[in-house]
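*Asks:* Sharing model18.pdb, PDB, C-alpha atoms, pLDDT in the B column:
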ATOM      1  CA  MET X 106     -20.456  24.952 -30.810  1.00 39.00           C
ATOM      2  CA  ALA X 107     -17.082  24.268 -29.122  1.00 40.00           C
ATOM      3  CA  THR X 108     -17.085  23.705 -25.392  1.00 40.00           C
ATOM      4  CA  SER X 109     -14.490  25.442 -23.263  1.00 41.00           C
ATOM      5  CA  THR X 110     -12.259  23.102 -21.275  1.00 40.00           C
ATOM      6  CA  ASN X 111     -12.921  25.319 -18.245  1.00 44.00           C
ATOM      7  CA  SER X 112     -16.701  24.991 -18.437  1.00 38.00           C
ATOM      8  CA  PRO X 113     -18.630  22.967 -15.818  1.00 38.00           C
ATOM      9  CA  VAL X 114     -19.760  20.542 -18.541  1.00 37.00           C
ATOM     10  CA  ALA X 115     -16.215  19.741 -19.610  1.00 40.00           C
ATOM     11  CA  ALA X 116     -15.013  19.462 -16.025  1.00 37.00           C
ATOM     12  CA  ALA X 117     -17.820  17.120 -15.070  1.00 36.00           C
ATOM     13  CA  ALA X 118     -16.944  14.862 -17.987  1.00 39.00           C
ATOM     14  CA  VAL X 119     -13.512  14.239 -16.510  1.00 42.00           C
ATOM     15  CA  THR X 120     -13.821  12.111 -13.392  1.00 45.00           C
ATOM     16  CA  VAL X 121     -10.178  11.258 -12.816  1.00 48.00           C
ATOM     17  CA  PRO X 122      -6.874  12.885 -13.764  1.00 48.00           C
ATOM     18  CA  ALA X 123      -4.795  11.501 -16.595  1.00 46.00           C
ATOM     19  CA  PRO X 124      -3.013   8.303 -15.500  1.00 42.00           C
ATOM     20  CA  ARG X 125       0.677   8.718 -14.766  1.00 49.00           C
ATOM     21  CA  GLY X 126       3.372   6.186 -15.475  1.00 53.00           C
ATOM     22  CA  GLY X 127       2.079   4.701 -18.700  1.00 67.00           C
ATOM     23  CA  ARG X 128       0.049   1.570 -19.239  1.00 72.00           C
ATOM     24  CA  LEU X 129       0.868  -0.037 -15.898  1.00 77.00           C
ATOM     25  CA  ILE X 130      -0.603   2.856 -13.916  1.00 82.00           C
ATOM     26  CA  SER X 131      -3.623   3.170 -16.208  1.00 81.00           C
ATOM     27  CA  ALA X 132      -4.307  -0.569 -15.841  1.00 84.00           C
ATOM     28  CA  VAL X 133      -4.855  -0.228 -12.084  1.00 88.00           C
ATOM     29  CA  SER X 134      -8.306   1.286 -11.668  1.00 90.00           C
ATOM     30  CA  ALA X 135      -9.494   2.927  -8.474  1.00 90.00           C
ATOM     31  CA  ARG X 136     -11.713  -0.055  -7.679  1.00 93.00           C
ATOM     32  CA  PHE X 137      -8.877  -2.510  -8.292  1.00 95.00           C
ATOM     33  CA  ALA X 138      -6.575  -0.501  -6.039  1.00 95.00           C
ATOM     34  CA  GLY X 139      -9.321  -0.254  -3.438  1.00 96.00           C
ATOM     35  CA  ALA X 140      -9.950  -3.994  -3.519  1.00 97.00           C
ATOM     36  CA  ALA X 141      -6.208  -4.582  -3.102  1.00 97.00           C
ATOM     37  CA  ALA X 142      -6.154  -2.236  -0.104  1.00 97.00           C
ATOM     38  CA  ILE X 143      -9.056  -4.103   1.495  1.00 98.00           C
ATOM     39  CA  VAL X 144      -7.319  -7.444   0.928  1.00 98.00           C
ATOM     40  CA  ALA X 145      -4.080  -6.122   2.426  1.00 97.00           C
ATOM     41  CA  GLY X 146      -6.003  -4.583   5.304  1.00 97.00           C
ATOM     42  CA  GLY X 147      -7.972  -7.711   6.086  1.00 97.00           C
ATOM     43  CA  LEU X 148      -4.874  -9.904   6.056  1.00 97.00           C
ATOM     44  CA  SER X 149      -2.976  -7.383   8.187  1.00 96.00           C
ATOM     45  CA  LEU X 150      -5.775  -7.389  10.745  1.00 95.00           C
ATOM     46  CA  VAL X 151      -5.737 -11.178  10.947  1.00 95.00           C
ATOM     47  CA  THR X 152      -1.943 -11.428  11.241  1.00 93.00           C
ATOM     48  CA  GLY X 153      -1.894  -8.630  13.799  1.00 93.00           C
ATOM     49  CA  VAL X 154      -4.422 -10.409  15.991  1.00 93.00           C
ATOM     50  CA  LEU X 155      -2.569 -13.719  15.613  1.00 89.00           C
ATOM     51  CA  GLN X 156       0.698 -12.132  16.690  1.00 87.00           C
ATOM     52  CA  ILE X 157      -0.966 -10.612  19.740  1.00 87.00           C
ATOM     53  CA  VAL X 158      -2.645 -13.862  20.757  1.00 85.00           C
ATOM     54  CA  PHE X 159       0.287 -16.135  19.843  1.00 78.00           C
ATOM     55  CA  PRO X 160       3.571 -14.249  20.391  1.00 76.00           C
ATOM     56  CA  GLN X 161       6.490 -15.654  18.396  1.00 70.00           C
ATOM     57  CA  ASP X 162       9.527 -17.018  20.186  1.00 59.00           C
ATOM     58  CA  GLU X 163      13.142 -16.172  19.391  1.00 63.00           C
ATOM     59  CA  THR X 164      14.126 -19.533  17.896  1.00 63.00           C
ATOM     60  CA  PRO X 165      15.339 -19.411  14.271  1.00 63.00           C
ATOM     61  CA  GLU X 166      13.012 -22.233  13.218  1.00 71.00           C
ATOM     62  CA  ILE X 167       9.677 -21.087  11.798  1.00 77.00           C
ATOM     63  CA  ASP X 168       6.699 -23.025  13.162  1.00 77.00           C
ATOM     64  CA  PRO X 169       3.612 -23.848  11.037  1.00 83.00           C
ATOM     65  CA  ARG X 170       1.574 -20.960  12.478  1.00 84.00           C
ATOM     66  CA  THR X 171       4.323 -18.471  11.608  1.00 84.00           C
ATOM     67  CA  ARG X 172       4.502 -19.906   8.085  1.00 88.00           C
ATOM     68  CA  ILE X 173       0.824 -19.113   7.633  1.00 90.00           C
ATOM     69  CA  ILE X 174       1.415 -15.593   8.916  1.00 90.00           C
ATOM     70  CA  LEU X 175       4.314 -15.179   6.475  1.00 91.00           C
ATOM     71  CA  LEU X 176       2.175 -16.347   3.558  1.00 93.00           C
ATOM     72  CA  MET X 177      -0.618 -13.920   4.487  1.00 95.00           C
ATOM     73  CA  PHE X 178       1.970 -11.167   4.847  1.00 95.00           C
ATOM     74  CA  THR X 179       3.301 -12.055   1.387  1.00 96.00           C
ATOM     75  CA  VAL X 180      -0.130 -11.680  -0.203  1.00 97.00           C
ATOM     76  CA  SER X 181      -0.628  -8.357   1.598  1.00 97.00           C
ATOM     77  CA  LEU X 182       2.703  -7.092   0.244  1.00 97.00           C
ATOM     78  CA  TRP X 183       1.638  -7.861  -3.321  1.00 98.00           C
ATOM     79  CA  ALA X 184      -1.685  -6.152  -2.658  1.00 98.00           C
ATOM     80  CA  LEU X 185       0.149  -3.097  -1.315  1.00 98.00           C
ATOM     81  CA  ALA X 186       2.141  -2.906  -4.552  1.00 97.00           C
ATOM     82  CA  VAL X 187      -1.133  -2.747  -6.485  1.00 97.00           C
ATOM     83  CA  LEU X 188      -2.444  -0.069  -4.122  1.00 97.00           C
ATOM     84  CA  PHE X 189       0.649   2.101  -4.571  1.00 97.00           C
ATOM     85  CA  LEU X 190       0.358   1.923  -8.349  1.00 95.00           C
ATOM     86  CA  GLY X 191      -3.335   2.758  -8.147  1.00 94.00           C
ATOM     87  CA  LEU X 192      -2.674   5.811  -6.000  1.00 95.00           C
ATOM     88  CA  ALA X 193      -0.071   7.065  -8.482  1.00 93.00           C
ATOM     89  CA  ARG X 194      -2.808   8.225 -10.873  1.00 90.00           C
ATOM     90  CA  TYR X 195      -3.731  10.910  -8.322  1.00 92.00           C
ATOM     91  CA  ALA X 196      -0.144  12.042  -7.767  1.00 91.00           C
ATOM     92  CA  ARG X 197       2.050  14.527  -9.604  1.00 90.00           C
ATOM     93  CA  SER X 198       4.728  11.898 -10.122  1.00 90.00           C
ATOM     94  CA  SER X 199       4.718   8.107 -10.216  1.00 92.00           C
ATOM     95  CA  TRP X 200       8.304   7.374  -9.161  1.00 94.00           C
ATOM     96  CA  GLY X 201       7.425   6.946  -5.475  1.00 95.00           C
ATOM     97  CA  ALA X 202       4.718   4.411  -6.268  1.00 96.00           C
ATOM     98  CA  PHE X 203       7.067   2.338  -8.426  1.00 96.00           C
ATOM     99  CA  VAL X 204       9.858   2.395  -5.835  1.00 97.00           C
ATOM    100  CA  ALA X 205       7.512   1.468  -2.973  1.00 98.00           C
ATOM    101  CA  ALA X 206       5.921  -1.303  -5.045  1.00 97.00           C
ATOM    102  CA  ALA X 207       9.358  -2.636  -5.978  1.00 97.00           C
ATOM    103  CA  GLY X 208      10.261  -2.727  -2.294  1.00 97.00           C
ATOM    104  CA  THR X 209       7.186  -4.681  -1.211  1.00 97.00           C
ATOM    105  CA  VAL X 210       7.537  -7.158  -4.071  1.00 97.00           C
ATOM    106  CA  LEU X 211      11.253  -7.642  -3.385  1.00 97.00           C
ATOM    107  CA  LEU X 212      10.480  -8.328   0.266  1.00 96.00           C
ATOM    108  CA  THR X 213       8.228 -11.224  -0.760  1.00 95.00           C
ATOM    109  CA  THR X 214      11.253 -13.111  -2.079  1.00 93.00           C
ATOM    110  CA  GLY X 215      12.401 -13.319   1.513  1.00 91.00           C
ATOM    111  CA  THR X 216       9.034 -14.085   3.090  1.00 91.00           C
ATOM    112  CA  VAL X 217       8.246 -16.859   0.613  1.00 91.00           C
ATOM    113  CA  THR X 218      11.621 -18.587   0.953  1.00 89.00           C
ATOM    114  CA  SER X 219      11.392 -18.365   4.742  1.00 87.00           C
ATOM    115  CA  ALA X 220       7.889 -19.838   4.744  1.00 85.00           C
ATOM    116  CA  VAL X 221       8.871 -22.659   2.391  1.00 84.00           C
ATOM    117  CA  ASN X 222      12.165 -23.574   4.077  1.00 81.00           C
ATOM    118  CA  GLY X 223      11.035 -23.038   7.659  1.00 81.00           C
ATOM    119  CA  VAL X 224      13.984 -20.770   8.394  1.00 78.00           C
ATOM    120  CA  ASP X 225      15.380 -17.455   7.135  1.00 79.00           C
ATOM    121  CA  LEU X 226      17.987 -18.133   4.459  1.00 80.00           C
ATOM    122  CA  ALA X 227      21.404 -16.470   4.485  1.00 83.00           C
ATOM    123  CA  PHE X 228      20.460 -13.817   1.922  1.00 87.00           C
ATOM    124  CA  PHE X 229      17.310 -12.745   3.772  1.00 87.00           C
ATOM    125  CA  PRO X 230      18.870  -9.897   5.838  1.00 91.00           C
ATOM    126  CA  ILE X 231      20.349  -8.269   2.728  1.00 93.00           C
ATOM    127  CA  VAL X 232      17.127  -8.588   0.755  1.00 94.00           C
ATOM    128  CA  ALA X 233      15.057  -7.348   3.678  1.00 93.00           C
ATOM    129  CA  MET X 234      17.288  -4.315   4.173  1.00 95.00           C
ATOM    130  CA  ALA X 235      17.167  -3.326   0.497  1.00 97.00           C
ATOM    131  CA  ALA X 236      13.438  -4.006   0.211  1.00 97.00           C
ATOM    132  CA  ASN X 237      12.537  -2.036   3.320  1.00 96.00           C
ATOM    133  CA  ALA X 238      14.686   0.872   2.174  1.00 97.00           C
ATOM    134  CA  LEU X 239      12.925   0.956  -1.208  1.00 98.00           C
ATOM    135  CA  TRP X 240       9.530   0.638   0.450  1.00 97.00           C
ATOM    136  CA  LEU X 241      10.216   3.488   2.888  1.00 97.00           C
ATOM    137  CA  VAL X 242      11.738   5.879   0.346  1.00 98.00           C
ATOM    138  CA  GLY X 243       8.994   5.131  -2.160  1.00 98.00           C
ATOM    139  CA  ALA X 244       6.198   5.544   0.383  1.00 98.00           C
ATOM    140  CA  ILE X 245       7.579   8.908   1.515  1.00 97.00           C
ATOM    141  CA  GLY X 246       7.941  10.031  -2.107  1.00 97.00           C
ATOM    142  CA  LEU X 247       4.413   8.908  -2.969  1.00 97.00           C
ATOM    143  CA  THR X 248       3.028  10.661   0.094  1.00 97.00           C
ATOM    144  CA  ALA X 249       4.805  13.891  -0.806  1.00 97.00           C
ATOM    145  CA  THR X 250       3.630  13.942  -4.419  1.00 95.00           C
ATOM    146  CA  LEU X 251       0.056  13.013  -3.436  1.00 95.00           C
ATOM    147  CA  ALA X 252       0.029  15.815  -0.881  1.00 94.00           C
ATOM    148  CA  ARG X 253       1.256  18.287  -3.479  1.00 93.00           C
ATOM    149  CA  ALA X 254      -1.382  17.208  -5.974  1.00 90.00           C
ATOM    150  CA  ARG X 255      -4.136  17.679  -3.343  1.00 88.00           C
ATOM    151  CA  ARG X 256      -6.425  15.213  -5.087  1.00 89.00           C
ATOM    152  CA  VAL X 257      -6.644  12.887  -2.086  1.00 90.00           C
ATOM    153  CA  SER X 258      -7.463  13.951   1.471  1.00 90.00           C
ATOM    154  CA  LEU X 259      -4.365  14.352   3.610  1.00 92.00           C
ATOM    155  CA  TRP X 260      -5.736  12.032   6.290  1.00 93.00           C
ATOM    156  CA  LEU X 261      -5.630   9.257   3.686  1.00 94.00           C
ATOM    157  CA  VAL X 262      -2.177  10.239   2.426  1.00 95.00           C
ATOM    158  CA  LEU X 263      -0.053  10.990   5.490  1.00 95.00           C
ATOM    159  CA  PRO X 264      -0.331   7.521   7.109  1.00 96.00           C
ATOM    160  CA  LEU X 265       1.099   5.738   4.039  1.00 96.00           C
ATOM    161  CA  PRO X 266       4.763   5.667   5.227  1.00 95.00           C
ATOM    162  CA  PHE X 267       3.676   4.387   8.653  1.00 96.00           C
ATOM    163  CA  ILE X 268       2.186   1.212   7.166  1.00 96.00           C
ATOM    164  CA  GLN X 269       5.699  -0.222   6.960  1.00 95.00           C
ATOM    165  CA  LEU X 270       6.452   0.824  10.540  1.00 93.00           C
ATOM    166  CA  THR X 271       3.481  -1.058  11.957  1.00 94.00           C
ATOM    167  CA  LEU X 272       3.654  -4.109   9.667  1.00 93.00           C
ATOM    168  CA  VAL X 273       7.406  -4.716   9.920  1.00 90.00           C
ATOM    169  CA  PHE X 274       8.934  -3.093  12.981  1.00 86.00           C
ATOM    170  CA  PHE X 275       5.931  -3.345  15.312  1.00 89.00           C
ATOM    171  CA  SER X 276       4.576  -6.601  13.912  1.00 83.00           C
ATOM    172  CA  GLN X 277       5.285  -8.553  17.098  1.00 84.00           C
ATOM    173  CA  MET X 278       3.151  -6.050  19.005  1.00 87.00           C
ATOM    174  CA  GLY X 279       0.194  -6.540  16.681  1.00 85.00           C
ATOM    175  CA  GLY X 280       0.911  -3.495  14.556  1.00 89.00           C
ATOM    176  CA  GLY X 281      -0.973  -5.112  11.692  1.00 92.00           C
ATOM    177  CA  VAL X 282      -4.229  -4.258  13.442  1.00 95.00           C
ATOM    178  CA  LEU X 283      -3.599  -0.517  13.027  1.00 95.00           C
ATOM    179  CA  SER X 284      -2.414  -0.800   9.434  1.00 96.00           C
ATOM    180  CA  GLY X 285      -5.249  -3.162   8.623  1.00 96.00           C
ATOM    181  CA  ALA X 286      -7.906  -0.767   9.878  1.00 97.00           C
ATOM    182  CA  PHE X 287      -6.431   2.125   7.900  1.00 97.00           C
ATOM    183  CA  LEU X 288      -6.066   0.098   4.708  1.00 97.00           C
ATOM    184  CA  ILE X 289      -9.659  -1.111   4.868  1.00 97.00           C
ATOM    185  CA  ILE X 290     -10.874   2.484   5.223  1.00 96.00           C
ATOM    186  CA  LEU X 291      -8.658   3.638   2.341  1.00 96.00           C
ATOM    187  CA  GLY X 292      -9.838   0.735   0.215  1.00 96.00           C
ATOM    188  CA  ALA X 293     -13.482   1.523   0.919  1.00 96.00           C
ATOM    189  CA  VAL X 294     -12.952   5.139  -0.121  1.00 94.00           C
ATOM    190  CA  LEU X 295     -11.385   4.015  -3.397  1.00 94.00           C
ATOM    191  CA  VAL X 296     -13.987   1.349  -4.159  1.00 94.00           C
ATOM    192  CA  THR X 297     -16.940   3.669  -3.506  1.00 92.00           C
ATOM    193  CA  GLY X 298     -15.512   6.325  -5.824  1.00 84.00           C
ATOM    194  CA  ARG X 299     -15.162   9.092  -3.247  1.00 76.00           C
ATOM    195  CA  ILE X 300     -11.693  10.073  -4.420  1.00 78.00           C
ATOM    196  CA  GLN X 301     -12.885  10.283  -8.016  1.00 70.00           C
ATOM    197  CA  SER X 302     -15.778  12.489  -6.870  1.00 65.00           C
ATOM    198  CA  ARG X 303     -13.327  14.736  -5.050  1.00 62.00           C
ATOM    199  CA  VAL X 304     -11.211  15.046  -8.203  1.00 60.00           C
ATOM    200  CA  ALA X 305     -14.265  15.889 -10.317  1.00 57.00           C
ATOM    201  CA  ALA X 306     -15.350  18.529  -7.803  1.00 56.00           C
ATOM    202  CA  ARG X 307     -11.905  20.151  -7.889  1.00 56.00           C
ATOM    203  CA  LEU X 308     -11.992  20.185 -11.696  1.00 51.00           C
ATOM    204  CA  ARG X 309     -15.393  21.856 -11.712  1.00 53.00           C
ATOM    205  CA  LYS X 310     -14.141  24.552  -9.348  1.00 57.00           C
ATOM    206  CA  GLY X 311     -11.048  24.999 -11.480  1.00 53.00           C
TER     207      GLY X 311
END
For the structure just supplied, provide its representation as structure tokens.
*Replies:*
Amino acid sequence: MATSTNSPVAAAAVTVPAPRGGRLISAVSARFAGAAAIVAGGLSLVTGVLQIVFPQDETPEIDPRTRIILLMFTVSLWALAVLFLGLARYARSSWGAFVAAAGTVLLTTGTVTSAVNGVDLAFFPIVAMAANALWLVGAIGLTATLARARRVSLWLVLPLPFIQLTLVFFSQMGGGVLSGAFLIILGAVLVTGRIQSRVAARLRKG
């Protein structure tokens, strides 16, 4: 006997919505995205504390401690790219995730070269400006499409654009502590499957 797609049995069989954005989006599972968020959050917490305890001076030369912070920031940016792609499966559109991920990855070209050379190279301001613009626009777009899809709680969606604000513009004030705490919570929700459970519950009601 055929089973209606609106029946509770059929709805319960579907735990997550269809991946959006092709193979790249489908390759980033909820647990993978959650693990990436926890990594980014943990590193952000550490760098935030370091920048509170050891404020950076205004000299152009980058000291060894700052190089370590830059390398940790680089890894967190890559992890954020994975997180954005993982969240796209719960959104109505994937363009915001791809743009935000492109921005964070592009920014790592500047952080890595600065860490290696001990000073910001001449192209860094241009790269940083373009990367931050992509990151911000993408994060806002991802937030909007996630909010419209209503598959993820708003309290986990609305802070996404502010991650950049705390990590980049308020970094010297230890902004990484705030972003780190949020990212760890978001990662835990993804890893434990709570978002998938929420999606399944919405499908059963629908």
*Asks:* Counting only C-alpha atoms, figure out which residue out of X:Gln277, X:Ser258, X:Asn237, X:Thr171 gets nearest to Val221 in chain X.
*Replies:* X:Thr171
*Asks:* Since I can't run it myself right now, could you work out what the PyMOL selection byres ((chain X and resi 178) around 9) selects here and report it as a list in words?
*Replies:*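 Selection result, ordered by chain and number: Ala145, Leu148, Ser149, Thr152, Ile173, Ile174, Leu175, Leu176, Met177, Thr179, Val180, Ser181, Leu182, Trp183, Thr213, Thr216 and Leu272 of chain X.
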*Asks:* Put those residues in a file: C-alpha atoms, as an mmCIF file, keeping the file's coordinate frame.
*Replies:*
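File produced: out.cif:
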data_model
loop_
_atom_site.group_PDB
_atom_site.id
_atom_site.type_symbol
_atom_site.label_atom_id
_atom_site.label_comp_id
_atom_site.auth_asym_id
_atom_site.auth_seq_id
_atom_site.Cartn_x
_atom_site.Cartn_y
_atom_site.Cartn_z
ATOM 1 C CA ALA X 145 -4.080 -6.122 2.426
ATOM 2 C CA LEU X 148 -4.874 -9.904 6.056
ATOM 3 C CA SER X 149 -2.976 -7.383 8.187
ATOM 4 C CA THR X 152 -1.943 -11.428 11.241
ATOM 5 C CA ILE X 173 0.824 -19.113 7.633
ATOM 6 C CA ILE X 174 1.415 -15.593 8.916
ATOM 7 C CA LEU X 175 4.314 -15.179 6.475
ATOM 8 C CA LEU X 176 2.175 -16.347 3.558
ATOM 9 C CA MET X 177 -0.618 -13.920 4.487
ATOM 10 C CA THR X 179 3.301 -12.055 1.387
ATOM 11 C CA VAL X 180 -0.130 -11.680 -0.203
ATOM 12 C CA SER X 181 -0.628 -8.357 1.598
ATOM 13 C CA LEU X 182 2.703 -7.092 0.244
ATOM 14 C CA TRP X 183 1.638 -7.861 -3.321
ATOM 15 C CA THR X 213 8.228 -11.224 -0.760
ATOM 16 C CA THR X 216 9.034 -14.085 3.090
ATOM 17 C CA LEU X 272 3.654 -4.109 9.667
#
*Asks:* Which is closer to Ala186 in chain X than all the others in X:Val217, X:Ala244, X:Ala286, X:Val158, using only C-alpha atoms?
*Replies:*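 Under the stated criterion, the closest residue is X:Ala244.
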*Asks:* I'd like the contact shell of Gln269 in chain X - 10 Å cut-off, only C-alpha atoms, skipping same-chain residues fewer than 4 positions apart - returned as number ranges by chain.
*Replies:* X: 209, 237, 240-241, 244, 264-265, 273-276, 280-281, 284
*Asks:* Do you have the CA of Ala141 in chain X-CA of Leu288 in chain X distance handy?
*Replies:*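 Between these atoms lies a distance of 9.1 Å.
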*Asks:* Could you pull the residues within 6 Å of Ala202 in chain X, counting all atoms listed in the file, minus those fewer than 4 positions along the same chain, as a VMD selection string?
*Replies:* chain X and resid 189 to 190 193 206 243 247
*Asks:* One number please: CA of Ala132 in chain X to CA of Ala233 in chain X, in Å, one decimal.
*Replies:*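 It comes out at 28.3 Å.
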*Asks:* Expand the PyMOL selection byres ((chain X and resi 255) around 10) into the individual residues it matches in the shown file, reporting them as a compact mmCIF listing (two decimals) with C-alpha atoms, keeping the file's coordinate frame.
*Replies:*
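Writing the result to part.txt gives the following:
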# COMPACT_ATOMS: atom_id res chain seq x y z
CA TYR X 195 -3.73 10.91 -8.32
CA ALA X 196 -0.14 12.04 -7.77
CA ARG X 197 2.05 14.53 -9.60
CA THR X 250 3.63 13.94 -4.42
CA LEU X 251 0.06 13.01 -3.44
CA ALA X 252 0.03 15.82 -0.88
CA ARG X 253 1.26 18.29 -3.48
CA ALA X 254 -1.38 17.21 -5.97
CA ARG X 256 -6.42 15.21 -5.09
CA VAL X 257 -6.64 12.89 -2.09
CA SER X 258 -7.46 13.95 1.47
CA LEU X 259 -4.36 14.35 3.61
CA VAL X 262 -2.18 10.24 2.43
CA ARG X 303 -13.33 14.74 -5.05
CA VAL X 304 -11.21 15.05 -8.20
CA ARG X 307 -11.90 20.15 -7.89
*Asks:* Using only C-alpha atoms, what residues lie at most 6 Å away from (-5.5, -6.2, -1.5) (file coordinates), given as a PDB file with C-alpha atoms, in the coordinates of the input?
*Replies:*
ATOM      1  CA  ALA X 140      -9.950  -3.994  -3.519  1.00 97.00           C
ATOM      2  CA  ALA X 141      -6.208  -4.582  -3.102  1.00 97.00           C
ATOM      3  CA  ALA X 142      -6.154  -2.236  -0.104  1.00 97.00           C
ATOM      4  CA  ILE X 143      -9.056  -4.103   1.495  1.00 98.00           C
ATOM      5  CA  VAL X 144      -7.319  -7.444   0.928  1.00 98.00           C
ATOM      6  CA  ALA X 145      -4.080  -6.122   2.426  1.00 97.00           C
ATOM      7  CA  ALA X 184      -1.685  -6.152  -2.658  1.00 98.00           C
TER       8      ALA X 184
END
*Asks:* Between X:Pro169, X:Gly191, X:Gly153, X:Pro160, single out the one closest to Ile300 in chain X, counting all atoms listed in the file.
*Replies:*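 Of all the options, X:Gly191 lies closest to Ile300 in chain X.
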*Asks:* Quote the spacing between CA of Leu129 in chain X and CA of Gly146 in chain X in Å to one decimal place.
*Replies:*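 Going from CA of Leu129 in chain X over to CA of Gly146 in chain X, I get 22.7 Å.
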*Asks:* Considering only C-alpha atoms, state which residue in the set X:Gly246, X:Gly292, X:Pro230, X:Gly285 is at the smallest distance from Val204 in chain X.
*Replies:*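 Smallest separation from Val204 in chain X among the options: X:Gly246.
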*Asks:* From the options X:Leu261, X:Phe267, X:Gly201, X:Ala236, which residue's atoms come nearest to Ala293 in chain X, counting all atoms listed in the file?
*Replies:*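 The shortest atom-to-atom distance to Ala293 in chain X comes from X:Leu261.
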*Asks:* Using all atoms listed in the file, which of X:Gly139, X:Gly279, X:Pro266, X:Gly208 sits nearest Gln156 in chain X?
*Replies:* X:Gly279
